[in-house]
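Novice: Dropping a structure here in structure tokens format, bear with me for questions.
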Amino acid sequence: MSLFWTLFAFRYLRTIVGVSVYTTIKPKPIQNPPTYSGKDVTVVIPTTFKCPPELIECLRSITASSPFEILIVTSNANVEILSSYAHEKGFTVTVLGVEKLNKREQILKALPNVATPITVLADDDVFWPVKFLDTLLAVFEDPKCGAGGPLQRVKRNTNPDVWNFLGIGYLERRVFNNLATNAIDGSISTLSGRTAAYRTEIIQTEEFATYFLNDNWNGRKVHIGDDKCLTRYVYNHGWNIVIQPDPRSTIETTVEPDMKGYLNQCMRWARGHWQGNIAVMKTTDYWYKRHIWGRGLYYIYIGQFQTPALLVDGLLFYTLSYALSNASWHTACLAYAALGSWIIFTKLVKLIPHFWKYPSDMKFIPHSIAFSYFHGIINLYSLWTLGAAGWGSQNLSELEKKRDITASKNAAQ
């Protein structure tokens, strides 16, 4: 029985502690007057300009928070088109260009133009709530905070299909985990690049530009994991990263709408996860020196090896059956039922807030459980193919070409 309980603790201690912490998290208060406001913020948006109407919706939500300036970076071929398109829609933005679409190069293109103490990096498919910056900037009341991020959720379709729901579930679990570790000891696996705020002094240096642009995997430059690299750089320079758990800081985003796109996206996320965590373990020491629970010995870096879930859960049932070899049939059935119920509960507990708000989505519970096991296969395959450093869900060479956005203009009316 000791083998079973050891494996059980290895598998589920972080879930038990995470749930306990999650229920006690409190928002960072907004000071009056605040140290920083929208006038202290420049927003940088690297974009492929793949979906112009979505970009316009993104800009509407961002401008509502009244940042000092918005810098958009796209391919050289589309600078004039995007600039005219944005100005026609009533937005005052500066559009910059790069020869090749690469999120890291796009960010670095914009940084020399930032003249505010806070830089917010935002994807082109995020949607901010009203007065978002007022809430997010509260994290910088702590002078040791070098970067901060918001809560996130996937934009729920009016009639969600299974892929929309799986995206929702993925991000709900991700936010849950990040909040838990960040609240315990200030740790976080990745400060998501969907929207993240940084002290400009940290990332507006030649040292950072060199580090960021030359990030590599076994000597080969990588084009994914930019947010992992940023997270590593901030921690490695002694700064803290803080997540603002205030519900008013919740941004919305989108995921790929079909099976092929979503699975490619999951593969890219999984490769970025492995590459980023292994890079931390190989090149830094903060992961085991600064925070034993979060970045160090358990939640993130040991916990990442709890995959595939089907294997670990199978081992739990096997060790339990071995421990119950002399138990009665009735006792064994109760024990198996209890373990099975517990496993199902742990796969759904992080989605309870979503189900509370949208009970009709409970019809996707079987899909969610099945995909959680399938995702273990994705994790293993991504680990086996870490050398594939491309952007699996985007055809960047096509998106670099000059766009005809006549149809998009009509759609965004």
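Residues are referred to by chain and number: the chain letter is A, B, ... according to the order shown in the structure tokens, the number counts from 1 in that chain, and ligands are numbered separately from 1 in the order shown.
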Tell me which protein, DNA and RNA residues are within 6 Å of Phe68 in chain A, counting only C-alpha atoms, leaving out same-chain ones fewer than 3 positions away, and put them as a VMD selection string.
Specialist: chain A and resid 39 41 to 42
Novice: Need to verify the contact set: Leu71 in chain A, 9 Å, only C-alpha atoms, exclusion of same-chain residues closer than 4 positions in sequence. Can you return it as a PyMOL selection string?
Specialist: chain A and resi 42-46+93-96+110+113-114
Novice: Output N, CA, C and O atoms of each residue in that selection to a file, as a PDB file, in the first residue's frame.
Specialist:
ATOM      1  N   THR A  42       3.013  51.744 -23.124  1.00  0.00           N
ATOM      2  CA  THR A  42       3.017  51.564 -24.574  1.00  0.00           C
ATOM      3  C   THR A  42       2.662  50.108 -24.858  1.00  0.00           C
ATOM      4  O   THR A  42       3.248  49.196 -24.260  1.00  0.00           O
ATOM      5  N   VAL A  43       1.710  49.893 -25.743  1.00  0.00           N
ATOM      6  CA  VAL A  43       1.285  48.547 -26.106  1.00  0.00           C
ATOM      7  C   VAL A  43       1.929  48.159 -27.437  1.00  0.00           C
ATOM      8  O   VAL A  43       1.843  48.905 -28.418  1.00  0.00           O
ATOM      9  N   VAL A  44       2.600  47.020 -27.445  1.00  0.00           N
ATOM     10  CA  VAL A  44       3.242  46.501 -28.648  1.00  0.00           C
ATOM     11  C   VAL A  44       2.464  45.276 -29.119  1.00  0.00           C
ATOM     12  O   VAL A  44       2.275  44.324 -28.361  1.00  0.00           O
ATOM     13  N   ILE A  45       2.013  45.319 -30.382  1.00  0.00           N
ATOM     14  CA  ILE A  45       1.219  44.220 -30.943  1.00  0.00           C
ATOM     15  C   ILE A  45       1.927  43.649 -32.168  1.00  0.00           C
ATOM     16  O   ILE A  45       1.877  44.237 -33.247  1.00  0.00           O
ATOM     17  N   PRO A  46       2.617  42.523 -32.038  1.00  0.00           N
ATOM     18  CA  PRO A  46       3.140  41.840 -33.226  1.00  0.00           C
ATOM     19  C   PRO A  46       1.984  41.110 -33.915  1.00  0.00           C
ATOM     20  O   PRO A  46       1.241  40.387 -33.260  1.00  0.00           O
ATOM     21  N   VAL A  93      -2.489  54.764 -34.351  1.00  0.00           N
ATOM     22  CA  VAL A  93      -1.472  53.756 -34.072  1.00  0.00           C
ATOM     23  C   VAL A  93      -0.251  54.024 -34.939  1.00  0.00           C
ATOM     24  O   VAL A  93      -0.336  54.720 -35.957  1.00  0.00           O
ATOM     25  N   THR A  94       0.873  53.489 -34.517  1.00  0.00           N
ATOM     26  CA  THR A  94       2.087  53.519 -35.316  1.00  0.00           C
ATOM     27  C   THR A  94       2.355  52.109 -35.817  1.00  0.00           C
ATOM     28  O   THR A  94       2.386  51.161 -35.023  1.00  0.00           O
ATOM     29  N   VAL A  95       2.516  51.957 -37.135  1.00  0.00           N
ATOM     30  CA  VAL A  95       2.728  50.639 -37.730  1.00  0.00           C
ATOM     31  C   VAL A  95       4.164  50.535 -38.228  1.00  0.00           C
ATOM     32  O   VAL A  95       4.631  51.389 -38.992  1.00  0.00           O
ATOM     33  N   LEU A  96       4.854  49.512 -37.774  1.00  0.00           N
ATOM     34  CA  LEU A  96       6.233  49.259 -38.167  1.00  0.00           C
ATOM     35  C   LEU A  96       6.302  47.948 -38.944  1.00  0.00           C
ATOM     36  O   LEU A  96       5.382  47.125 -38.868  1.00  0.00           O
ATOM     37  N   ALA A 110       9.932  47.060 -32.276  1.00  0.00           N
ATOM     38  CA  ALA A 110       9.135  48.097 -31.620  1.00  0.00           C
ATOM     39  C   ALA A 110       9.812  48.689 -30.391  1.00  0.00           C
ATOM     40  O   ALA A 110       9.632  49.880 -30.088  1.00  0.00           O
ATOM     41  N   ASN A 113      11.296  52.200 -29.848  1.00  0.00           N
ATOM     42  CA  ASN A 113      10.339  53.304 -29.984  1.00  0.00           C
ATOM     43  C   ASN A 113       9.510  53.530 -28.723  1.00  0.00           C
ATOM     44  O   ASN A 113       8.689  54.449 -28.684  1.00  0.00           O
ATOM     45  N   VAL A 114       9.688  52.688 -27.716  1.00  0.00           N
ATOM     46  CA  VAL A 114       8.912  52.810 -26.484  1.00  0.00           C
ATOM     47  C   VAL A 114       9.510  53.891 -25.597  1.00  0.00           C
ATOM     48  O   VAL A 114      10.709  53.879 -25.307  1.00  0.00           O
TER      49      VAL A 114
END
Novice: Compile the contact shell of Asn182 in chain A as an NGL selection string: residues with an atom at most 12 Å away, counting only C-alpha atoms, same-chain residues fewer than 6 positions apart removed.
Specialist: :A and (18 or 21-22 or 25-26 or 148-149 or 175-176 or 188-191 or 240-245 or 291 or 293-295 or 299-300)
Novice: Among range 67-168 of chain A, which residues does DSSP mark as alpha helix (DSSP H) when it is run on the backbone? Keep the chain and numbering as in the structure and answer as a ChimeraX atom specification.
Specialist: /A:79-88,103-110,132-136,162-168
Novice: Since we have the selection now, will you write its residues out, keeping N, CA, C and O atoms, as a CSV table (one decimal), in the first residue's frame?
Specialist:
chain,number,residue,atom,x,y,z
A,79,VAL,N,2.7,47.1,-44.2
A,79,VAL,CA,2.7,48.3,-43.3
A,79,VAL,C,1.7,49.4,-43.7
A,79,VAL,O,0.9,49.9,-43.0
A,80,GLU,N,1.8,49.8,-45.0
A,80,GLU,CA,1.0,50.8,-45.5
A,80,GLU,C,-0.5,50.4,-45.5
A,80,GLU,O,-1.4,51.2,-45.1
A,81,ILE,N,-0.8,49.2,-45.8
A,81,ILE,CA,-2.2,48.7,-45.9
A,81,ILE,C,-2.8,48.7,-44.5
A,81,ILE,O,-3.9,49.2,-44.2
A,82,LEU,N,-2.0,48.1,-43.5
A,82,LEU,CA,-2.5,48.1,-42.1
A,82,LEU,C,-2.7,49.4,-41.5
A,82,LEU,O,-3.7,49.7,-40.8
A,83,SER,N,-1.7,50.3,-41.8
A,83,SER,CA,-1.8,51.7,-41.2
A,83,SER,C,-3.0,52.4,-41.7
A,83,SER,O,-3.8,53.0,-41.0
A,84,SER,N,-3.3,52.3,-43.1
A,84,SER,CA,-4.5,53.0,-43.6
A,84,SER,C,-5.7,52.3,-43.1
A,84,SER,O,-6.7,53.0,-42.8
A,85,TYR,N,-5.7,51.0,-43.0
A,85,TYR,CA,-6.9,50.3,-42.5
A,85,TYR,C,-7.3,50.7,-41.1
A,85,TYR,O,-8.4,51.0,-40.7
A,86,ALA,N,-6.2,50.8,-40.2
A,86,ALA,CA,-6.5,51.2,-38.8
A,86,ALA,C,-6.9,52.6,-38.7
A,86,ALA,O,-7.8,52.9,-37.9
A,87,HIS,N,-6.3,53.5,-39.5
A,87,HIS,CA,-6.7,54.9,-39.4
A,87,HIS,C,-8.1,55.1,-40.0
A,87,HIS,O,-8.9,56.0,-39.5
A,88,GLU,N,-8.5,54.4,-41.0
A,88,GLU,CA,-9.9,54.4,-41.5
A,88,GLU,C,-10.9,54.1,-40.4
A,88,GLU,O,-12.0,54.6,-40.4
A,103,LYS,N,7.9,36.7,-34.4
A,103,LYS,CA,7.4,37.4,-33.2
A,103,LYS,C,8.5,38.1,-32.5
A,103,LYS,O,8.4,39.2,-32.0
A,104,ARG,N,9.6,37.4,-32.3
A,104,ARG,CA,10.7,38.0,-31.5
A,104,ARG,C,11.3,39.2,-32.3
A,104,ARG,O,11.5,40.3,-31.6
A,105,GLU,N,11.5,39.1,-33.6
A,105,GLU,CA,12.0,40.3,-34.3
A,105,GLU,C,11.0,41.4,-34.3
A,105,GLU,O,11.4,42.6,-34.3
A,106,GLN,N,9.7,41.1,-34.4
A,106,GLN,CA,8.7,42.1,-34.4
A,106,GLN,C,8.7,42.9,-33.1
A,106,GLN,O,8.6,44.1,-33.0
A,107,ILE,N,8.8,42.2,-32.0
A,107,ILE,CA,8.9,42.8,-30.7
A,107,ILE,C,10.1,43.7,-30.6
A,107,ILE,O,10.0,44.9,-30.1
A,108,LEU,N,11.3,43.2,-31.0
A,108,LEU,CA,12.5,44.0,-30.9
A,108,LEU,C,12.5,45.2,-31.8
A,108,LEU,O,13.1,46.2,-31.6
A,109,LYS,N,11.7,45.1,-32.9
A,109,LYS,CA,11.6,46.2,-33.8
A,109,LYS,C,10.9,47.4,-33.1
A,109,LYS,O,11.2,48.6,-33.4
A,110,ALA,N,9.9,47.1,-32.3
A,110,ALA,CA,9.1,48.1,-31.6
A,110,ALA,C,9.8,48.7,-30.4
A,110,ALA,O,9.6,49.9,-30.1
A,132,PHE,N,-9.0,47.9,-18.2
A,132,PHE,CA,-8.1,46.7,-17.9
A,132,PHE,C,-6.7,47.2,-17.3
A,132,PHE,O,-6.2,46.6,-16.4
A,133,LEU,N,-6.1,48.2,-17.9
A,133,LEU,CA,-4.8,48.6,-17.4
A,133,LEU,C,-4.8,49.1,-16.0
A,133,LEU,O,-3.9,48.9,-15.3
A,134,ASP,N,-5.9,49.8,-15.6
A,134,ASP,CA,-6.0,50.2,-14.2
A,134,ASP,C,-5.8,49.0,-13.2
A,134,ASP,O,-5.1,49.1,-12.2
A,135,THR,N,-6.4,47.9,-13.6
A,135,THR,CA,-6.3,46.7,-12.7
A,135,THR,C,-5.0,46.0,-12.8
A,135,THR,O,-4.3,45.7,-11.8
A,136,LEU,N,-4.5,45.8,-14.1
A,136,LEU,CA,-3.2,45.1,-14.3
A,136,LEU,C,-2.0,45.8,-13.7
A,136,LEU,O,-1.2,45.2,-13.0
A,162,VAL,N,-16.9,21.3,-29.9
A,162,VAL,CA,-15.9,20.6,-29.0
A,162,VAL,C,-14.6,21.3,-29.0
A,162,VAL,O,-13.9,21.4,-28.0
A,163,TRP,N,-14.1,21.9,-30.1
A,163,TRP,CA,-12.8,22.5,-30.2
A,163,TRP,C,-12.8,23.8,-29.4
A,163,TRP,O,-11.8,24.1,-28.8
A,164,ASN,N,-13.8,24.6,-29.5
A,164,ASN,CA,-14.0,25.8,-28.7
A,164,ASN,C,-13.9,25.4,-27.3
A,164,ASN,O,-13.2,26.1,-26.5
A,165,PHE,N,-14.6,24.4,-26.9
A,165,PHE,CA,-14.7,24.0,-25.4
A,165,PHE,C,-13.3,23.5,-25.0
A,165,PHE,O,-12.9,23.8,-23.9
A,166,LEU,N,-12.6,22.7,-25.8
A,166,LEU,CA,-11.3,22.2,-25.4
A,166,LEU,C,-10.3,23.3,-25.2
A,166,LEU,O,-9.5,23.3,-24.3
A,167,GLY,N,-10.4,24.4,-26.1
A,167,GLY,CA,-9.6,25.5,-25.9
A,167,GLY,C,-9.9,26.2,-24.6
A,167,GLY,O,-9.0,26.7,-23.8
A,168,ILE,N,-11.2,26.3,-24.3
A,168,ILE,CA,-11.6,26.9,-23.0
A,168,ILE,C,-11.1,26.2,-21.8
A,168,ILE,O,-10.5,26.8,-20.9
Novice: Apply DSSP to the backbone of this structure and, from range 95-344 of chain A, keep only the residues in strand (DSSP E); write these as an MDAnalysis selection string.
Specialist: chainID A and resid 95:98 118:122 126:127 145:149 152:154 195:199 216:217 220:221 240:243 251:253
Novice: Export, as a compact mmCIF listing (two decimals), in the first residue's frame, the selected residues with N, CA and C atoms.
Specialist:
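So the final result, stored in again.txt, reads:
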# COMPACT_ATOMS: atom_id res chain seq x y z
N VAL A 95 2.52 51.96 -37.13
CA VAL A 95 2.73 50.64 -37.73
C VAL A 95 4.16 50.54 -38.23
N LEU A 96 4.85 49.51 -37.77
CA LEU A 96 6.23 49.26 -38.17
C LEU A 96 6.30 47.95 -38.94
N GLY A 97 7.40 47.74 -39.68
CA GLY A 97 7.51 46.55 -40.50
C GLY A 97 8.81 45.79 -40.32
N VAL A 98 8.74 44.49 -40.58
CA VAL A 98 9.93 43.63 -40.62
C VAL A 98 9.89 42.84 -41.92
N ILE A 118 6.39 51.41 -18.73
CA ILE A 118 5.79 50.08 -18.81
C ILE A 118 5.51 49.75 -20.28
N THR A 119 5.90 48.55 -20.68
CA THR A 119 5.60 48.04 -22.02
C THR A 119 4.68 46.84 -21.89
N VAL A 120 3.57 46.86 -22.59
CA VAL A 120 2.66 45.72 -22.61
C VAL A 120 2.74 45.05 -23.98
N LEU A 121 3.10 43.79 -23.97
CA LEU A 121 3.12 43.00 -25.21
C LEU A 121 1.78 42.27 -25.32
N ALA A 122 1.12 42.42 -26.46
CA ALA A 122 -0.21 41.83 -26.62
C ALA A 122 -0.32 41.16 -27.98
N VAL A 126 -6.43 39.23 -28.80
CA VAL A 126 -6.86 39.34 -27.40
C VAL A 126 -7.82 40.51 -27.27
N PHE A 127 -8.70 40.40 -26.30
CA PHE A 127 -9.73 41.41 -26.10
C PHE A 127 -9.77 41.77 -24.62
N CYS A 145 8.57 43.90 -8.56
CA CYS A 145 7.84 43.26 -9.66
C CYS A 145 8.37 43.77 -10.98
N GLY A 146 8.92 42.87 -11.78
CA GLY A 146 9.43 43.27 -13.08
C GLY A 146 8.48 43.02 -14.22
N ALA A 147 7.50 42.13 -13.99
CA ALA A 147 6.53 41.81 -15.05
C ALA A 147 5.25 41.30 -14.41
N GLY A 148 4.16 41.47 -15.12
CA GLY A 148 2.87 41.03 -14.59
C GLY A 148 1.94 40.60 -15.71
N GLY A 149 0.99 39.78 -15.33
CA GLY A 149 0.04 39.29 -16.32
C GLY A 149 -1.37 39.22 -15.76
N GLN A 152 -6.94 34.98 -17.89
CA GLN A 152 -7.25 34.77 -19.30
C GLN A 152 -8.37 33.74 -19.45
N ARG A 153 -9.09 33.86 -20.51
CA ARG A 153 -10.06 32.83 -20.88
C ARG A 153 -10.25 32.85 -22.38
N VAL A 154 -10.63 31.73 -22.93
CA VAL A 154 -10.92 31.64 -24.35
C VAL A 154 -12.32 32.18 -24.60
N THR A 195 -0.99 38.56 -23.33
CA THR A 195 -0.88 39.93 -22.82
C THR A 195 0.00 39.88 -21.58
N ALA A 196 1.07 40.64 -21.60
CA ALA A 196 1.98 40.68 -20.45
C ALA A 196 2.62 42.06 -20.37
N ALA A 197 2.77 42.56 -19.15
CA ALA A 197 3.35 43.88 -18.92
C ALA A 197 4.74 43.75 -18.33
N TYR A 198 5.66 44.57 -18.82
CA TYR A 198 7.05 44.53 -18.36
C TYR A 198 7.53 45.94 -18.04
N ARG A 199 8.41 46.04 -17.07
CA ARG A 199 9.12 47.30 -16.89
C ARG A 199 10.02 47.47 -18.11
N ASN A 216 18.04 29.50 -28.47
CA ASN A 216 18.17 28.36 -29.38
C ASN A 216 17.90 27.05 -28.66
N TRP A 217 17.67 26.04 -29.47
CA TRP A 217 17.51 24.68 -28.96
C TRP A 217 18.56 23.81 -29.64
N ARG A 220 20.14 25.50 -32.56
CA ARG A 220 19.24 25.92 -33.63
C ARG A 220 18.26 26.97 -33.09
N LYS A 221 18.18 28.12 -33.74
CA LYS A 221 17.29 29.17 -33.28
C LYS A 221 15.84 28.68 -33.28
N ASN A 240 10.67 39.81 -9.81
CA ASN A 240 9.50 38.97 -9.56
C ASN A 240 8.51 39.11 -10.70
N ILE A 241 7.69 38.09 -10.86
CA ILE A 241 6.58 38.13 -11.81
C ILE A 241 5.30 37.90 -11.02
N VAL A 242 4.30 38.74 -11.27
CA VAL A 242 3.07 38.69 -10.49
C VAL A 242 1.86 38.58 -11.42
N ILE A 243 0.97 37.66 -11.10
CA ILE A 243 -0.30 37.54 -11.80
C ILE A 243 -1.35 38.32 -11.02
N ILE A 251 -8.68 38.87 -19.60
CA ILE A 251 -8.73 39.09 -21.03
C ILE A 251 -9.35 37.87 -21.70
N GLU A 252 -9.83 38.07 -22.92
CA GLU A 252 -10.34 36.97 -23.73
C GLU A 252 -9.47 36.81 -24.96
N THR A 253 -9.39 35.58 -25.45
CA THR A 253 -8.61 35.31 -26.65
C THR A 253 -9.33 34.23 -27.46
Novice: So which residues touch Phe317 in chain A within 12 Å, counting only C-alpha atoms, skipping near sequence neighbours fewer than 2 positions away, as a ChimeraX atom specification?
Specialist: /A:1,3-5,7-8,310-315,319-324,332-333,335-340,342-343
Novice: Atoms to include: N, CA and C atoms. Write the selected residues as a CSV table (one decimal), in the first residue's frame.
Specialist:
chain,number,residue,atom,x,y,z
A,1,MET,N,0.8,-1.2,0.0
A,1,MET,CA,0.0,0.0,0.0
A,1,MET,C,0.9,1.3,0.0
A,3,LEU,N,3.5,1.9,-1.7
A,3,LEU,CA,3.9,2.2,-3.1
A,3,LEU,C,2.7,3.0,-3.7
A,4,PHE,N,1.5,2.6,-3.5
A,4,PHE,CA,0.3,3.2,-4.0
A,4,PHE,C,0.3,4.7,-3.5
A,5,TRP,N,0.4,4.9,-2.2
A,5,TRP,CA,0.3,6.2,-1.6
A,5,TRP,C,1.4,7.1,-2.1
A,7,LEU,N,2.9,7.0,-5.0
A,7,LEU,CA,2.6,7.4,-6.4
A,7,LEU,C,1.4,8.3,-6.4
A,8,PHE,N,0.5,8.1,-5.5
A,8,PHE,CA,-0.7,9.0,-5.4
A,8,PHE,C,-0.3,10.4,-5.0
A,310,LEU,N,-2.5,8.7,-18.8
A,310,LEU,CA,-3.0,7.3,-18.9
A,310,LEU,C,-2.0,6.3,-18.2
A,311,LEU,N,-0.7,6.5,-18.4
A,311,LEU,CA,0.3,5.6,-17.8
A,311,LEU,C,0.3,5.8,-16.3
A,312,VAL,N,0.3,7.0,-15.8
A,312,VAL,CA,0.4,7.3,-14.4
A,312,VAL,C,-0.9,6.8,-13.7
A,313,ASP,N,-2.1,7.1,-14.3
A,313,ASP,CA,-3.3,6.6,-13.6
A,313,ASP,C,-3.4,5.1,-13.7
A,314,GLY,N,-2.9,4.5,-14.8
A,314,GLY,CA,-2.9,3.1,-14.9
A,314,GLY,C,-2.0,2.4,-13.8
A,315,LEU,N,-0.9,3.1,-13.6
A,315,LEU,CA,0.0,2.6,-12.5
A,315,LEU,C,-0.6,2.7,-11.1
A,319,THR,N,-1.0,-0.5,-8.8
A,319,THR,CA,-0.4,-0.6,-7.4
A,319,THR,C,-1.5,-0.8,-6.4
A,320,LEU,N,-2.7,-0.2,-6.7
A,320,LEU,CA,-3.8,-0.4,-5.8
A,320,LEU,C,-4.3,-1.9,-5.8
A,321,SER,N,-4.4,-2.4,-7.0
A,321,SER,CA,-4.8,-3.8,-7.1
A,321,SER,C,-3.8,-4.8,-6.4
A,322,TYR,N,-2.5,-4.4,-6.4
A,322,TYR,CA,-1.5,-5.2,-5.7
A,322,TYR,C,-1.7,-5.1,-4.2
A,323,ALA,N,-2.0,-3.9,-3.8
A,323,ALA,CA,-2.2,-3.7,-2.3
A,323,ALA,C,-3.5,-4.4,-1.8
A,324,LEU,N,-4.4,-4.5,-2.7
A,324,LEU,CA,-5.7,-5.1,-2.3
A,324,LEU,C,-5.8,-6.6,-2.7
A,332,ALA,N,-12.5,-4.2,-2.4
A,332,ALA,CA,-11.7,-3.8,-3.7
A,332,ALA,C,-12.6,-3.0,-4.6
A,333,CYS,N,-13.8,-3.3,-4.8
A,333,CYS,CA,-14.7,-2.5,-5.6
A,333,CYS,C,-14.9,-1.1,-5.1
A,335,ALA,N,-12.7,0.5,-3.3
A,335,ALA,CA,-11.5,1.2,-3.5
A,335,ALA,C,-11.3,1.7,-4.9
A,336,TYR,N,-11.6,0.8,-5.9
A,336,TYR,CA,-11.5,1.1,-7.3
A,336,TYR,C,-12.4,2.3,-7.6
A,337,ALA,N,-13.6,2.2,-7.1
A,337,ALA,CA,-14.6,3.2,-7.4
A,337,ALA,C,-14.2,4.6,-6.8
A,338,ALA,N,-13.6,4.5,-5.6
A,338,ALA,CA,-13.1,5.8,-5.0
A,338,ALA,C,-12.0,6.4,-5.8
A,339,LEU,N,-11.0,5.5,-6.2
A,339,LEU,CA,-9.9,6.1,-7.0
A,339,LEU,C,-10.4,6.6,-8.4
A,340,GLY,N,-11.3,5.9,-9.0
A,340,GLY,CA,-11.8,6.3,-10.3
A,340,GLY,C,-12.6,7.7,-10.2
A,342,TRP,N,-12.1,9.9,-7.8
A,342,TRP,CA,-11.1,10.9,-7.5
A,342,TRP,C,-10.4,11.4,-8.8
A,343,ILE,N,-10.1,10.5,-9.7
A,343,ILE,CA,-9.4,10.9,-10.9
A,343,ILE,C,-10.3,11.7,-11.8
Novice: Report the distance between CA of Ile352 in chain A and CA of Asn157 in chain A in Å, rounded to one decimal place.
Specialist: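 CA of Asn157 in chain A lies at a distance of 18.5 Å from CA of Ile352 in chain A.
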Novice: Looking at only C-alpha atoms, which of A:Thr116, A:Thr63, A:Thr74, A:Asn159 is the one that sits closest to Thr92 in chain A?
Specialist: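 Of all the options, A:Thr63 lies closest to Thr92 in chain A.
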Novice: Could you tell me which of A:Lys401, A:Phe305, A:Glu141, A:Trp356 comes closest to Pro29 in chain A if we count only C-alpha atoms?
Specialist: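 Of the candidates, the smallest distance to Pro29 in chain A is held by A:Glu141.
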Novice: Which is closest to Lys155 in chain A among A:Met362, A:Val73, A:Leu383, A:Val255, if we use only C-alpha atoms?
Specialist: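 So, comparing all the options, the nearest one is A:Val255.
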Novice: Hey, can you check how far CA of Leu351 in chain A sits from CA of Glu172 in chain A?
Specialist: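 Between CA of Leu351 in chain A and CA of Glu172 in chain A the gap works out to 6.4 Å.
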Novice: Could you please determine the separation between CA of Pro27 in chain A and CA of Asp246 in chain A in Å, to one decimal place?
Specialist: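 According to the coordinates, CA of Pro27 in chain A and CA of Asp246 in chain A are separated by 4.5 Å.
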Novice: Find the residue from A:Ser2, A:Phe10, A:Ala115, A:Ser187 that sits nearest to Glu69 in chain A; use only C-alpha atoms when measuring.
Specialist: A:Ala115
